[in-house]
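**Student:** Hey, dropping input_20.cif in here, mmCIF, C-alpha atoms:
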data_run
loop_
_atom_site.label_atom_id
_atom_site.label_comp_id
_atom_site.auth_asym_id
_atom_site.auth_seq_id
_atom_site.Cartn_x
_atom_site.Cartn_y
_atom_site.Cartn_z
CA MET A 1 79.22 -94.67 99.40
CA ASP A 2 77.65 -97.57 97.48
CA LYS A 3 76.59 -100.52 99.59
CA GLY A 4 75.72 -104.11 98.83
CA THR A 5 74.77 -107.36 100.51
CA LEU A 6 76.45 -110.76 100.53
CA THR A 7 76.12 -113.96 102.54
CA ILE A 8 78.83 -115.37 104.81
CA ASN A 9 78.19 -118.74 106.43
CA GLY A 10 74.47 -118.40 105.76
CA VAL A 11 74.12 -114.92 107.25
CA SER A 12 73.22 -111.95 105.05
CA LEU A 13 75.62 -109.07 105.69
CA PRO A 14 75.98 -105.53 104.29
CA PHE A 15 79.26 -104.20 102.89
CA GLU A 16 80.61 -101.01 101.39
CA ALA A 17 82.09 -100.76 97.91
CA GLY A 18 85.82 -101.45 97.92
CA GLN A 19 85.80 -103.75 100.95
CA THR A 20 87.45 -107.15 100.72
CA LEU A 21 85.87 -110.34 102.01
CA LEU A 22 88.32 -110.29 104.92
CA GLN A 23 87.30 -106.76 105.89
CA VAL A 24 83.60 -107.63 105.76
CA ALA A 25 84.25 -110.69 107.92
CA GLU A 26 86.28 -108.68 110.44
CA ASP A 27 83.53 -106.03 110.66
CA ASN A 28 81.13 -108.80 111.63
CA GLN A 29 83.45 -110.70 114.04
CA ILE A 30 83.78 -113.68 111.69
CA PRO A 31 87.31 -115.10 112.11
CA ILE A 32 89.36 -115.80 108.99
CA PRO A 33 93.00 -116.80 109.68
CA THR A 34 95.83 -114.87 108.03
CA LEU A 35 99.63 -115.01 107.95
CA CYS A 36 100.81 -112.64 105.21
CA TYR A 37 98.07 -110.03 105.63
CA LEU A 38 99.24 -106.78 107.28
CA LYS A 39 96.67 -104.15 108.16
CA GLY A 40 97.39 -100.88 106.36
CA ALA A 41 99.45 -102.54 103.61
CA SER A 42 98.52 -103.88 100.19
CA PRO A 43 97.05 -107.40 100.49
CA THR A 44 98.90 -110.03 98.46
CA GLY A 45 97.21 -113.35 99.17
CA ALA A 46 100.67 -114.94 99.18
CA CYS A 47 100.27 -117.36 102.10
CA ARG A 48 96.78 -118.60 101.14
CA MET A 49 95.76 -119.10 104.76
CA CYS A 50 92.72 -116.85 104.29
CA VAL A 51 91.15 -118.93 101.50
CA VAL A 52 87.37 -119.15 101.49
CA GLU A 53 84.81 -120.92 99.31
CA VAL A 54 82.63 -118.75 97.07
CA ALA A 55 79.63 -120.35 95.42
CA GLY A 56 80.12 -120.59 91.64
CA SER A 57 83.90 -120.23 91.79
CA GLN A 58 85.95 -123.19 90.55
CA ASN A 59 88.76 -122.52 93.04
CA LEU A 60 89.06 -121.26 96.59
CA VAL A 61 89.76 -117.52 96.73
CA THR A 62 91.91 -115.50 99.12
CA ALA A 63 89.71 -113.32 101.31
CA CYS A 64 92.35 -110.62 101.90
CA ASN A 65 92.45 -109.45 98.26
CA THR A 66 89.07 -110.54 96.88
CA PHE A 67 86.57 -107.69 96.77
CA ALA A 68 83.07 -108.22 98.06
CA ALA A 69 80.30 -108.26 95.47
CA THR A 70 76.52 -108.26 95.80
CA GLY A 71 75.05 -111.75 95.87
CA MET A 72 78.26 -113.56 96.90
CA ASP A 73 77.69 -116.70 98.98
CA VAL A 74 80.83 -117.33 101.07
CA LEU A 75 81.85 -120.21 103.37
CA THR A 76 84.81 -119.59 105.68
CA GLU A 77 85.19 -123.06 107.26
CA SER A 78 83.90 -125.55 104.70
CA PRO A 79 85.62 -128.99 104.45
CA ALA A 80 87.47 -127.83 101.31
CA VAL A 81 88.65 -124.65 103.05
CA VAL A 82 89.86 -126.49 106.16
CA ALA A 83 91.68 -129.10 104.06
CA SER A 84 93.42 -126.37 102.07
CA ARG A 85 94.53 -124.51 105.20
CA LYS A 86 95.88 -127.71 106.74
CA GLU A 87 97.90 -128.48 103.64
CA THR A 88 99.27 -124.93 103.62
CA LEU A 89 100.31 -125.24 107.26
CA GLU A 90 102.00 -128.61 106.68
CA LEU A 91 104.02 -127.12 103.82
CA LEU A 92 104.98 -124.07 105.90
CA LEU A 93 106.08 -126.26 108.82
CA ALA A 94 108.38 -128.10 106.43
CA SER A 95 109.77 -124.88 104.95
CA GLY A 96 112.33 -124.38 107.72
CA ASN A 97 113.29 -124.79 111.34
CA HIS A 98 109.87 -124.50 112.99
CA ASN A 99 110.81 -126.64 115.97
CA CYS A 100 108.30 -125.73 118.64
CA SER A 101 105.61 -127.78 120.32
CA ILE A 102 103.83 -128.33 117.00
CA GLY A 103 106.18 -131.23 116.28
CA SER A 104 105.00 -134.79 116.46
CA GLY A 105 106.12 -138.37 116.65
CA ARG A 106 106.35 -138.38 112.86
CA GLU A 107 109.57 -136.39 113.19
CA LYS A 108 112.78 -138.15 114.10
CA ASP A 109 114.11 -137.61 117.63
CA TRP A 110 111.15 -135.38 118.52
CA THR A 111 110.67 -136.93 121.96
CA GLU A 112 114.28 -136.19 122.91
CA PHE A 113 113.89 -132.61 121.72
CA GLN A 114 110.72 -132.12 123.77
CA MET A 115 112.45 -133.38 126.88
CA GLN A 116 115.39 -131.02 126.40
CA ALA A 117 113.13 -128.06 125.68
CA ALA A 118 110.99 -128.80 128.72
CA ALA A 119 114.08 -129.00 130.92
CA SER A 120 115.26 -125.51 130.02
CA ASP A 121 113.43 -122.65 128.37
CA ASN A 122 116.86 -121.43 127.23
CA PHE A 123 117.51 -124.58 125.21
CA GLU A 124 119.23 -123.04 122.18
CA ASP A 125 117.26 -124.99 119.60
CA LEU A 126 113.87 -123.88 120.95
CA CYS A 127 112.38 -121.04 118.92
CA PRO A 128 112.64 -117.69 120.76
CA SER A 129 109.11 -116.86 119.58
CA TRP A 130 107.61 -120.00 121.15
CA GLY A 131 104.23 -118.91 122.53
CA ASP A 132 104.16 -115.77 120.39
CA CYS A 133 104.05 -117.26 116.91
CA ARG A 134 101.11 -116.98 114.53
CA LEU A 135 102.21 -120.10 112.64
CA GLN A 136 102.23 -122.06 115.89
CA ASP A 137 98.80 -120.72 116.85
CA LEU A 138 97.29 -121.79 113.53
CA ALA A 139 98.92 -125.22 113.74
CA TYR A 140 97.25 -125.71 117.11
CA GLN A 141 93.93 -124.37 115.82
CA TYR A 142 93.82 -126.74 112.85
CA GLN A 143 95.52 -129.64 114.69
CA VAL A 144 98.36 -129.84 112.20
CA GLU A 145 101.62 -131.57 113.09
CA GLY A 146 105.02 -131.33 111.52
CA GLY A 147 106.64 -134.23 109.73
CA LYS A 148 104.36 -134.85 106.76
CA TYR A 149 106.99 -133.39 104.45
CA PRO A 150 110.78 -133.40 104.94
CA ARG A 151 112.14 -130.21 106.44
CA LYS A 152 113.99 -127.84 104.15
CA GLN A 153 117.47 -126.91 105.33
CA THR A 154 118.28 -123.23 104.89
CA GLN A 155 121.48 -122.20 103.11
CA TYR A 156 121.62 -118.83 104.86
CA PRO A 157 123.25 -118.45 108.29
CA MET A 158 121.66 -116.56 111.15
CA GLU A 159 122.54 -112.85 111.12
CA MET A 160 123.63 -111.49 114.50
CA ALA A 161 125.87 -108.62 113.32
CA ASN A 162 123.97 -105.77 114.95
CA PRO A 163 123.00 -105.00 118.55
CA LEU A 164 119.23 -105.01 118.14
CA ILE A 165 117.72 -107.51 115.66
CA VAL A 166 118.39 -111.22 115.01
CA ARG A 167 117.53 -112.47 111.51
CA ASP A 168 117.01 -116.24 111.49
CA PHE A 169 116.37 -117.20 107.86
CA SER A 170 115.70 -120.82 108.84
CA ARG A 171 112.43 -119.70 110.44
CA CYS A 172 111.34 -117.33 107.64
CA ILE A 173 108.20 -118.38 105.74
CA LEU A 174 108.58 -115.58 103.12
CA CYS A 175 105.18 -114.17 104.00
CA GLY A 176 106.38 -110.66 103.15
CA ARG A 177 104.95 -108.92 106.22
CA CYS A 178 108.36 -107.50 107.16
CA VAL A 179 108.83 -106.16 103.63
CA GLN A 180 105.46 -104.44 103.71
CA ALA A 181 106.07 -103.09 107.21
CA CYS A 182 109.36 -101.58 106.04
CA ASN A 183 108.29 -100.32 102.61
CA GLU A 184 104.61 -99.41 103.07
CA ILE A 185 104.12 -98.70 106.78
CA GLN A 186 107.41 -97.08 107.79
CA VAL A 187 108.53 -96.29 104.20
CA ASN A 188 112.20 -96.96 104.99
CA GLN A 189 112.63 -99.26 101.96
CA ALA A 190 115.54 -101.12 103.51
CA ILE A 191 114.49 -104.71 102.72
CA ASN A 192 112.80 -106.62 99.92
CA PHE A 193 112.48 -110.06 98.35
CA GLY A 194 115.64 -111.34 96.72
CA TYR A 195 116.77 -114.26 94.54
CA ARG A 196 114.35 -116.79 93.06
CA GLY A 197 112.78 -120.16 93.70
CA SER A 198 114.37 -122.23 96.45
CA ASP A 199 117.05 -119.54 96.91
CA ALA A 200 114.52 -116.85 97.83
CA LYS A 201 115.19 -114.78 100.95
CA ILE A 202 114.53 -111.34 102.37
CA ILE A 203 117.49 -109.14 101.48
CA ALA A 204 118.66 -105.75 102.75
CA ARG A 205 119.85 -102.98 100.44
CA ALA A 206 123.29 -101.47 100.93
CA ASP A 207 123.45 -97.85 102.06
CA ILE A 208 126.20 -96.45 99.81
CA ARG A 209 126.15 -93.08 101.61
CA ARG A 210 127.32 -94.87 104.75
CA TYR A 211 130.55 -95.87 103.01
CA ALA A 212 131.34 -92.63 101.19
CA ARG A 213 134.39 -91.99 103.38
CA ARG A 214 135.85 -95.48 103.40
CA ALA A 215 139.50 -95.81 102.45
CA SER A 216 138.99 -98.05 99.44
CA GLU A 217 136.16 -99.34 97.30
CA SER A 218 136.98 -102.88 98.42
CA ASP A 219 135.57 -101.97 101.85
CA ILE A 220 132.14 -101.16 100.40
CA PRO A 221 129.64 -104.07 100.46
CA SER A 222 128.67 -105.04 96.93
CA GLY A 223 125.34 -106.23 95.62
CA PRO A 224 121.83 -105.81 97.02
CA ASP A 225 122.16 -108.41 99.81
CA VAL A 226 123.97 -107.02 102.85
CA ALA A 227 123.64 -107.21 106.63
CA LEU A 228 121.14 -104.86 108.24
CA LYS A 229 123.96 -102.84 109.80
CA ASP A 230 125.26 -102.05 106.29
CA SER A 231 121.86 -101.23 104.84
CA THR A 232 119.46 -98.29 104.88
CA CYS A 233 117.74 -99.85 107.91
CA VAL A 234 117.09 -97.37 110.74
CA PHE A 235 116.28 -100.16 113.23
CA CYS A 236 112.75 -98.99 113.97
CA GLY A 237 111.87 -102.65 114.58
CA GLU A 238 108.59 -102.51 112.68
CA CYS A 239 109.64 -105.67 110.82
CA VAL A 240 110.11 -107.49 114.13
CA GLN A 241 106.63 -106.56 115.31
CA ALA A 242 105.16 -107.66 111.96
CA CYS A 243 106.97 -111.01 111.77
CA PRO A 244 104.53 -113.89 112.49
CA THR A 245 107.27 -116.44 113.30
CA GLY A 246 110.72 -116.47 114.94
CA ALA A 247 112.53 -115.19 111.86
CA LEU A 248 112.94 -111.70 113.32
CA VAL A 249 113.39 -111.24 117.05
CA GLU A 250 114.76 -108.56 119.34
CA LYS A 251 118.24 -109.50 120.47
CA LYS A 252 117.80 -108.07 123.97
CA ALA A 253 114.59 -110.03 124.58
CA ARG A 254 115.68 -113.26 122.91
CA PHE A 255 115.06 -116.28 125.18
CA ASP A 256 114.43 -113.94 128.16
CA TRP A 257 110.95 -112.82 127.14
CA ARG A 258 108.00 -115.20 127.07
CA PRO A 259 104.47 -113.76 126.78
CA TRP A 260 103.02 -115.77 129.66
CA LYS A 261 105.73 -114.55 132.06
CA THR A 262 105.15 -110.83 131.55
CA GLU A 263 102.60 -108.18 132.40
CA LYS A 264 101.66 -105.71 129.67
CA ILE A 265 101.51 -102.07 130.76
CA ARG A 266 100.36 -99.39 128.33
CA THR A 267 102.18 -96.07 128.49
CA THR A 268 103.33 -93.10 126.42
CA CYS A 269 106.83 -93.09 124.93
CA PRO A 270 109.07 -90.65 126.86
CA TYR A 271 111.40 -89.74 123.99
CA CYS A 272 109.54 -86.93 122.19
CA GLY A 273 106.31 -85.00 122.05
CA VAL A 274 104.52 -87.16 119.49
CA GLY A 275 102.95 -89.29 122.22
CA CYS A 276 103.39 -92.76 120.70
CA GLN A 277 101.60 -95.47 122.63
CA GLN A 278 103.72 -98.35 123.91
CA LEU A 279 103.17 -101.67 125.62
CA LEU A 280 105.83 -102.37 128.23
CA HIS A 281 106.36 -106.10 128.75
CA VAL A 282 107.38 -106.29 132.40
CA GLN A 283 108.86 -109.38 134.02
CA ASP A 284 109.92 -109.45 137.68
CA GLY A 285 109.65 -105.68 137.85
CA ARG A 286 111.88 -105.04 134.81
CA ILE A 287 111.04 -104.06 131.25
CA VAL A 288 112.18 -106.87 128.96
CA LYS A 289 110.51 -105.78 125.73
CA VAL A 290 108.59 -102.86 124.21
CA THR A 291 105.99 -103.05 121.43
CA GLY A 292 103.73 -100.48 119.80
CA VAL A 293 100.01 -100.43 120.57
CA GLU A 294 98.49 -101.61 117.29
CA ASN A 295 95.28 -99.58 117.51
CA GLY A 296 96.65 -96.76 119.64
CA ALA A 297 96.80 -93.21 118.26
CA PRO A 298 98.84 -91.53 116.97
CA ASN A 299 101.40 -94.21 116.05
CA LYS A 300 99.12 -97.20 115.31
CA GLY A 301 101.77 -99.66 116.45
CA ARG A 302 104.75 -97.90 114.89
CA LEU A 303 107.78 -96.91 116.97
CA CYS A 304 111.21 -95.46 116.27
CA VAL A 305 114.49 -97.10 117.30
CA LYS A 306 114.52 -95.18 120.60
CA GLY A 307 110.93 -95.96 121.49
CA ARG A 308 111.28 -99.69 120.80
CA PHE A 309 114.81 -100.43 121.96
CA GLY A 310 115.96 -97.53 124.12
CA TYR A 311 114.77 -98.55 127.57
CA ASP A 312 118.11 -99.64 129.06
CA PHE A 313 118.78 -96.20 130.59
CA ILE A 314 116.10 -96.90 133.18
CA TYR A 315 118.39 -99.42 134.86
CA SER A 316 121.67 -97.50 134.51
CA GLU A 317 123.68 -97.21 137.70
CA GLU A 318 124.70 -93.70 136.59
CA ARG A 319 121.11 -92.44 136.40
CA LEU A 320 120.42 -89.47 138.69
CA LYS A 321 117.62 -90.27 141.13
CA THR A 322 117.63 -87.15 143.31
CA PRO A 323 118.38 -83.43 142.75
CA LEU A 324 122.01 -82.31 143.25
CA ILE A 325 123.16 -78.85 144.39
CA ARG A 326 126.70 -77.68 143.71
CA GLU A 327 128.72 -76.55 146.70
CA GLY A 328 132.20 -75.53 145.60
CA ASP A 329 133.65 -78.32 143.48
CA THR A 330 131.25 -80.99 144.76
CA PHE A 331 127.56 -81.80 144.67
CA ARG A 332 125.26 -82.74 147.51
CA GLU A 333 121.87 -84.43 147.38
CA ALA A 334 118.84 -82.26 148.04
CA SER A 335 115.08 -82.55 148.19
CA TRP A 336 112.95 -81.41 145.27
CA ASP A 337 111.53 -78.56 147.34
CA GLU A 338 115.00 -77.25 148.20
CA ALA A 339 116.24 -77.57 144.61
CA LEU A 340 113.21 -75.86 143.07
CA ASP A 341 113.29 -73.07 145.66
CA LEU A 342 116.96 -72.47 144.80
CA VAL A 343 116.24 -72.34 141.05
CA ALA A 344 113.31 -69.95 141.56
CA SER A 345 115.36 -67.63 143.77
CA LYS A 346 118.22 -67.54 141.23
CA PHE A 347 115.79 -66.66 138.42
CA LYS A 348 114.29 -63.86 140.48
CA GLN A 349 117.75 -62.51 141.32
CA ILE A 350 118.93 -62.53 137.70
CA ILE A 351 115.75 -60.85 136.40
CA GLU A 352 115.85 -58.21 139.14
CA GLU A 353 119.53 -57.37 138.48
CA SER A 354 119.72 -57.72 134.68
CA GLY A 355 116.18 -57.73 133.31
CA PRO A 356 114.03 -60.52 131.88
CA ASP A 357 116.04 -60.88 128.66
CA ALA A 358 118.99 -62.06 130.75
CA VAL A 359 117.30 -65.47 131.04
CA ALA A 360 116.46 -67.97 128.31
CA GLY A 361 115.01 -71.46 128.12
CA VAL A 362 115.27 -74.48 125.83
CA SER A 363 112.43 -76.98 126.04
CA CYS A 364 113.48 -80.63 125.80
CA ALA A 365 112.23 -82.66 122.83
CA ARG A 366 111.58 -85.54 125.23
CA SER A 367 108.91 -83.46 126.94
CA ILE A 368 105.31 -83.89 125.92
CA ASN A 369 103.84 -81.07 123.84
CA GLU A 370 101.74 -79.86 126.76
CA ASP A 371 104.86 -79.39 128.93
CA SER A 372 106.61 -77.44 126.17
CA TYR A 373 103.53 -75.22 125.90
CA GLN A 374 103.58 -74.57 129.64
CA MET A 375 107.29 -73.74 129.54
CA GLN A 376 106.90 -71.11 126.81
CA LYS A 377 103.96 -69.68 128.73
CA LEU A 378 106.16 -69.44 131.86
CA PHE A 379 108.85 -67.50 129.99
CA ARG A 380 106.54 -65.22 128.03
CA ALA A 381 103.84 -64.52 130.63
CA VAL A 382 105.76 -64.77 133.89
CA PHE A 383 109.37 -63.92 133.05
CA LYS A 384 108.27 -61.42 130.35
CA THR A 385 110.80 -62.59 127.74
CA ASN A 386 110.59 -64.26 124.35
CA ASN A 387 113.89 -66.07 124.86
CA ILE A 388 112.37 -69.55 124.60
CA ASP A 389 113.27 -72.25 122.09
CA HIS A 390 112.94 -75.98 121.47
CA CYS A 391 115.90 -78.29 120.92
CA ALA A 392 114.21 -80.02 117.97
CA ARG A 393 115.03 -76.90 115.91
CA THR A 394 118.77 -77.53 116.30
#
Please re-express this file's structure in structure tokens.

**Tutor:**
Amino acid sequence: MDKGTLTINGVSLPFEAGQTLLQVAEDNQIPIPTLCYLKGASPTGACRMCVVEVAGSQNLVTACNTFAATGMDVLTESPAVVASRKETLELLLASGNHNCSIGSGREKDWTEFQMQAAASDNFEDLCPSWGDCRLQDLAYQYQVEGGKYPRKQTQYPMEMANPLIVRDFSRCILCGRCVQACNEIQVNQAINFGYRGSDAKIIARADIRRYARRASESDIPSGPDVALKDSTCVFCGECVQACPTGALVEKKARFDWRPWKTEKIRTTCPYCGVGCQQLLHVQDGRIVKVTGVENGAPNKGRLCVKGRFGYDFIYSEERLKTPLIREGDTFREASWDEALDLVASKFKQIIEESGPDAVAGVSCARSINEDSYQMQKLFRAVFKTNNIDHCART
């Protein structure tokens, strides 16, 4: 592959053909802030947080979608770059209800708000993503306060009409990360940009197949802008993980989860044999949130609806915690040794009386692939039967 050399902040660095300035900087541990950029998706340069100064260029350029070229002389934190990023942040803070600790005395009644928020972390006006917001982080980094421009009031109400995801349009900065996560990463194509100008919002497409059996056409949502529950959304939650603000949050974790209160534990998703890597956010011994491990194989941060949201069963009062053996019409608790000995003896009895083809097994799709392999080996090599299947085929 063709290679070249450019200069970033006075240091000569190599690059490969096709790399953007942002990729070259990341390869060399040079920080360039981003908001709209999503790894693995097409860069758009929409937010303009990643602007850099290139010698000979009349304007600042966006590093995420500007390709590196031999001889480029790039500055990532020049006075012009810093001023541009500050202005961008001030405009974004005024674009909606970004009412976290980035506020200042320039905003009316801010002191009263701070006192209320400090008194209770469940104060309803405090952003649920406080402490886990990229916009907030950058405002701190560049020492930008809200209040320079009047806040825009959103015309779209908060959407709560599903059990998993809250859509708060007042906190949306229209960065497009959720759209790219849905359309390019997960390829569900459930959401996109809608309307124009000051009316712009992220809209969800109606799933007409879902309403094919409705009694009348009047019951079918019309137009391209519907609630997530009426759309083609499969609730994988990739948009939530991609959102850099509080516009998309998990309903179950809302106001209960704060990053500094939890311990992150990496594990493997228990739902199927793919082996997706998860981060369990554990608070007081309970899982309060699940996210995908961004650089973990094989999922690279992606999860399905079960992997991201389906952890409630762990705390079900109806969950079996010990083996049960039937005696007449009732069950009694038993040890694992007793239960496994009973199962083994029954298998031996059946095979001895009726032959190996009298038994069959179905491997659970929630098992890891290695366990399914061991189960088919048990039936074929030990029981001497090919009566083994996997429930994913059904």

**Student:** Hey, could you make a per-residue contact list for region 280-348 of chain A against region 376-390 of chain A with 12 Å as the cut-off, showing the nearest pair of atoms and its distance in Å to one decimal, counting all atoms listed in the file, sorted by chain and number, as a Markdown table?

**Tutor:**
| residue | atom | partner | partner_atom | distance |
| --- | --- | --- | --- | --- |
| A:Ala344 | CA | A:Phe383 | CA | 11.1 |
| A:Phe347 | CA | A:Phe383 | CA | 8.8 |
| A:Lys348 | CA | A:Phe383 | CA | 8.9 |

**Student:** Taking the file as shown, find all residues satisfying the PyMOL selection byres ((chain A and resi 18-22) around 10) and write them as a short mmCIF file (atom, residue, chain, number, x, y, z; two decimals) with C-alpha atoms, in the coordinates of the input.

**Tutor:**
data_model
loop_
_atom_site.label_atom_id
_atom_site.label_comp_id
_atom_site.auth_asym_id
_atom_site.auth_seq_id
_atom_site.Cartn_x
_atom_site.Cartn_y
_atom_site.Cartn_z
CA MET A 1 79.22 -94.67 99.40
CA ASP A 2 77.65 -97.57 97.48
CA LYS A 3 76.59 -100.52 99.59
CA LEU A 6 76.45 -110.76 100.53
CA ILE A 8 78.83 -115.37 104.81
CA PHE A 15 79.26 -104.20 102.89
CA GLU A 16 80.61 -101.01 101.39
CA ALA A 17 82.09 -100.76 97.91
CA GLN A 23 87.30 -106.76 105.89
CA VAL A 24 83.60 -107.63 105.76
CA ALA A 25 84.25 -110.69 107.92
CA GLU A 26 86.28 -108.68 110.44
CA ASP A 27 83.53 -106.03 110.66
CA ASN A 28 81.13 -108.80 111.63
CA ILE A 30 83.78 -113.68 111.69
CA PRO A 31 87.31 -115.10 112.11
CA ILE A 32 89.36 -115.80 108.99
CA PRO A 33 93.00 -116.80 109.68
CA THR A 34 95.83 -114.87 108.03
CA TYR A 37 98.07 -110.03 105.63
CA PRO A 43 97.05 -107.40 100.49
CA CYS A 50 92.72 -116.85 104.29
CA VAL A 51 91.15 -118.93 101.50
CA VAL A 52 87.37 -119.15 101.49
CA VAL A 61 89.76 -117.52 96.73
CA THR A 62 91.91 -115.50 99.12
CA ALA A 63 89.71 -113.32 101.31
CA CYS A 64 92.35 -110.62 101.90
CA ASN A 65 92.45 -109.45 98.26
CA THR A 66 89.07 -110.54 96.88
CA PHE A 67 86.57 -107.69 96.77
CA ALA A 68 83.07 -108.22 98.06
CA ALA A 69 80.30 -108.26 95.47
CA MET A 72 78.26 -113.56 96.90
CA VAL A 74 80.83 -117.33 101.07
CA THR A 76 84.81 -119.59 105.68
#

**Student:** Need the shell around Ile191 (chain A): protein/DNA/RNA residues with any atom at most 8 Å away, counting all atoms listed in the file. Skip same-chain ones fewer than 3 positions apart. Format as a ChimeraX atom specification?

**Tutor:** /A:179,182-183,202-205,233

**Student:** Residues of region 133-191 of chain A that have any atom at most 9 Å from an atom of region 91-95 of chain A: could you tabulate them with the shortest-distance atom pair and the distance in Å to one decimal, using all atoms listed in the file, ordered by chain and increasing number, as a tab-separated table?

**Tutor:**
residue	atom	partner	partner_atom	distance
A:Leu135	CA	A:Leu93	CA	8.2
A:Ala139	CA	A:Leu93	CA	8.7
A:Glu145	CA	A:Leu93	CA	8.1
A:Gly146	CA	A:Leu93	CA	5.8
A:Gly147	CA	A:Ala94	CA	7.2
A:Lys148	CA	A:Ala94	CA	7.9
A:Tyr149	CA	A:Ala94	CA	5.8
A:Pro150	CA	A:Ala94	CA	6.0
A:Arg151	CA	A:Ala94	CA	4.3
A:Lys152	CA	A:Ser95	CA	5.2
A:Gln153	CA	A:Ser95	CA	8.0
A:Thr154	CA	A:Ser95	CA	8.7
A:Ser170	CA	A:Ser95	CA	8.2
A:Arg171	CA	A:Ser95	CA	8.0
A:Cys172	CA	A:Ser95	CA	8.2
A:Ile173	CA	A:Leu92	CA	6.5

**Student:** Hey, can you check how far CA of Asp357 (chain A) sits from CA of Met375 (chain A)?

**Tutor:** 15.6 Å

**Student:** At a cut-off of 12 Å, can you tabulate as a Markdown table every residue of region 227-297 of chain A near region 192-198 of chain A together with its closest atom pair and the distance in Å to one decimal, using all atoms listed in the file and ordering rows by chain then number?

**Tutor:**
| residue | atom | partner | partner_atom | distance |
| --- | --- | --- | --- | --- |
| A:Leu228 | CA | A:Asn192 | CA | 11.9 |
| A:Ser231 | CA | A:Asn192 | CA | 11.6 |
| A:Thr232 | CA | A:Asn192 | CA | 11.8 |
| A:Cys233 | CA | A:Asn192 | CA | 11.6 |
| A:Cys239 | CA | A:Asn192 | CA | 11.4 |

**Student:** Considering only C-alpha atoms, return as a list in words whatever protein or nucleic-acid residues lie within 12 Å of Trp260 (chain A), sequence-local ones (same chain, fewer than 5 positions apart) excluded.

**Tutor:**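 In the requested form, the answer reads Ser129, Trp130, Gly131, Asp132, His281, Val282 and Gln283 of chain A.
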
**Student:** Give me, please, the distance in Å between CA of Asp199 (chain A) and CA of Ala227 (chain A), quoted to one decimal.

**Tutor:**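 According to the coordinates, CA of Asp199 (chain A) and CA of Ala227 (chain A) are separated by 17.0 Å.
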
**Student:** Select all residues near (117.3, -97.5, 113.8) (cut-off 9 Å, inclusive, file coordinates), counting all atoms listed in the file, and output them as a PyMOL selection string.

**Tutor:** chain A and resi 164+233-237+304-306

**Student:** To verify the selection step, state as a list in words which residues the PyMOL selection byres ((chain A and resi 365) around 9) yields on this input.

**Tutor:**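 Written out, the selection comes to Tyr271, Cys272, Gly273, Ser363, Cys364, Arg366, Ser367, Ile368, Asn369, Ser372, His390, Cys391 and Ala392 of chain A.
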
**Student:** Please produce an output containing C-alpha atoms for each residue in the selection, written as a PDB file, in the coordinates of the input.

**Tutor:**
ATOM      1  CA  TYR A 271     111.400 -89.740 123.990  1.00  0.00           C
ATOM      2  CA  CYS A 272     109.540 -86.930 122.190  1.00  0.00           C
ATOM      3  CA  GLY A 273     106.310 -85.000 122.050  1.00  0.00           C
ATOM      4  CA  SER A 363     112.430 -76.980 126.040  1.00  0.00           C
ATOM      5  CA  CYS A 364     113.480 -80.630 125.800  1.00  0.00           C
ATOM      6  CA  ARG A 366     111.580 -85.540 125.230  1.00  0.00           C
ATOM      7  CA  SER A 367     108.910 -83.460 126.940  1.00  0.00           C
ATOM      8  CA  ILE A 368     105.310 -83.890 125.920  1.00  0.00           C
ATOM      9  CA  ASN A 369     103.840 -81.070 123.840  1.00  0.00           C
ATOM     10  CA  SER A 372     106.610 -77.440 126.170  1.00  0.00           C
ATOM     11  CA  HIS A 390     112.940 -75.980 121.470  1.00  0.00           C
ATOM     12  CA  CYS A 391     115.900 -78.290 120.920  1.00  0.00           C
ATOM     13  CA  ALA A 392     114.210 -80.020 117.970  1.00  0.00           C
TER      14      ALA A 392
END

**Student:** Would you compute the distance between CA of Gln143 (chain A) and CA of Ala46 (chain A)? Give it in Å to one decimal.

**Tutor:**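 Value for the CA of Gln143 (chain A)-CA of Ala46 (chain A) distance: 22.0 Å.
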
**Student:** Can you work out which one of A:Thr245, A:Glu53, A:Ala339, A:Lys201 has the shortest atom-to-atom distance to Gln136 (chain A), counting all atoms listed in the file?

**Tutor:**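 Going through A:Thr245, A:Glu53, A:Ala339, A:Lys201 one by one, the smallest distance to Gln136 (chain A) is for A:Thr245.
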
**Student:** Show which residues sit within 9 Å of Cys36 (chain A), as a ChimeraX atom specification. Count all atoms listed in the file, and ignore same-chain residues fewer than 5 positions away.

**Tutor:** /A:43-49,174-177,244

**Student:** Rebuild region 42-47 of chain A so that it carries N, CA and C atoms, then output the result as a tab-separated table (two decimals), in the frame of the given file.

**Tutor:**
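out-v3.tsv, freshly written:
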chain	number	residue	atom	x	y	z
A	42	SER	N	99.21	-103.27	101.33
A	42	SER	CA	98.52	-103.88	100.19
A	42	SER	C	98.41	-105.39	100.38
A	43	PRO	N	97.20	-105.95	100.33
A	43	PRO	CA	97.05	-107.40	100.49
A	43	PRO	C	97.61	-108.15	99.29
A	44	THR	N	98.27	-109.27	99.54
A	44	THR	CA	98.90	-110.03	98.46
A	44	THR	C	98.30	-111.41	98.25
A	45	GLY	N	97.72	-111.98	99.29
A	45	GLY	CA	97.21	-113.35	99.17
A	45	GLY	C	98.29	-114.38	99.02
A	46	ALA	N	99.51	-114.06	99.43
A	46	ALA	CA	100.67	-114.94	99.18
A	46	ALA	C	100.63	-116.23	99.99
A	47	CYS	N	100.19	-116.16	101.24
A	47	CYS	CA	100.27	-117.36	102.10
A	47	CYS	C	99.11	-118.31	101.89
